[in-house]
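Q: One structure is given below, represented as structure tokens, and several questions about it will come after.
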Amino acid sequence: MDTIDWNDFAKVELRVGEVLSAEPLPKARRPAYVLRVDFGPEIGVRKSSAQITALYRPEDLVGKRVVAVVNFPPKQIGPIMSECLVTGFHDAQGRVTLCVPEHEVPLGTKLL
């Protein structure tokens, strides 16, 4: 495992956002959703492609708080431009489970 110093970690903007909408991503090589995530007034709403279809239905995602990297450059993912990276972990079966705050925190709050 490579080590990083505190300054490297401090550059990563991990923020809390709320999923406003989740829709299947058409023509994806692997099943995915297009998420619209609200990070509050400072950052606003961003789109993300998320391969989380094994454990989540679109209607279950709306209103869920998630943790995402908001300072990566936009990346073309199939037909959409992804503007943030929603974080998660692979479980024992390889399915992605979202990284979420345990308690409610304000939109846009930065991970410390």
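For the structure tokens, the naming scheme is as follows: chains receive sequential letters (A, B, ...) according to their order of presentation, residues are indexed from 1 within each chain, and ligands are indexed from 1 in presentation order.
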From a DSSP calculation on the backbone, collect every residue of chain A in alpha helix (DSSP H) and output the set as an mmCIF file with N, CA and C atoms, in the first residue's frame.

A:
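Result written to part-v2.cif:
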data_model
loop_
_atom_site.group_PDB
_atom_site.id
_atom_site.type_symbol
_atom_site.label_atom_id
_atom_site.label_comp_id
_atom_site.auth_asym_id
_atom_site.auth_seq_id
_atom_site.Cartn_x
_atom_site.Cartn_y
_atom_site.Cartn_z
ATOM 1 N N TRP A 6 -0.506 14.062 4.835
ATOM 2 C CA TRP A 6 -1.757 14.741 5.187
ATOM 3 C C TRP A 6 -2.183 15.726 4.112
ATOM 4 N N ASN A 7 -1.235 16.427 3.510
ATOM 5 C CA ASN A 7 -1.565 17.408 2.475
ATOM 6 C C ASN A 7 -2.236 16.753 1.271
ATOM 7 N N ASP A 8 -1.803 15.532 0.912
ATOM 8 C CA ASP A 8 -2.448 14.812 -0.190
ATOM 9 C C ASP A 8 -3.904 14.512 0.166
ATOM 10 N N PHE A 9 -4.132 13.992 1.354
ATOM 11 C CA PHE A 9 -5.493 13.663 1.779
ATOM 12 C C PHE A 9 -6.368 14.914 1.852
ATOM 13 N N ALA A 10 -5.801 16.005 2.325
ATOM 14 C CA ALA A 10 -6.572 17.235 2.491
ATOM 15 C C ALA A 10 -7.058 17.791 1.157
ATOM 16 N N LYS A 11 -6.416 17.410 0.056
ATOM 17 C CA LYS A 11 -6.843 17.872 -1.264
ATOM 18 C C LYS A 11 -8.134 17.205 -1.728
ATOM 19 N N PRO A 58 -33.805 2.441 -7.908
ATOM 20 C CA PRO A 58 -33.812 3.900 -8.015
ATOM 21 C C PRO A 58 -34.673 4.581 -6.958
ATOM 22 N N GLU A 59 -35.862 4.057 -6.713
ATOM 23 C CA GLU A 59 -36.763 4.690 -5.746
ATOM 24 C C GLU A 59 -36.225 4.641 -4.314
ATOM 25 N N ASP A 60 -35.357 3.685 -4.010
ATOM 26 C CA ASP A 60 -34.769 3.597 -2.670
ATOM 27 C C ASP A 60 -33.621 4.586 -2.486
ATOM 28 N N LEU A 61 -33.074 5.075 -3.576
ATOM 29 C CA LEU A 61 -31.928 5.988 -3.499
ATOM 30 C C LEU A 61 -32.335 7.439 -3.277
#

Q: As a VMD selection string, please: the residues near A:Leu111 (cut-off 9 Å, only C-alpha atoms, same-chain neighbours under 3 positions excluded).

A: chain A and resid 13 to 16 67

Q: Just the number, please: distance in Å from atom CA of A:Asp2 to atom CA of A:Arg65, one decimal.

A: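 One can read the atom CA of A:Asp2 to atom CA of A:Arg65 distance as 29.8 Å.
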
Q: State, in Å with one decimal place, the distance from atom CA of A:Thr87 to atom CA of A:Val69.

A: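 Between these atoms lies a distance of 7.5 Å.
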
Q: Can you work out the spacing between atom CA of A:Gly78 and atom CA of A:Gln93 in Å, to one decimal?

A: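 Taking atom CA of A:Gly78 as the start and atom CA of A:Gln93 as the end point, the length is 25.3 Å.
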
Q: Find, counting only C-alpha atoms, the residue in A:Leu20, A:Leu85, A:Ala92, A:Val66 that gets nearest to A:Pro106.

A: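 Selected residue with least distance to A:Pro106: A:Val66.
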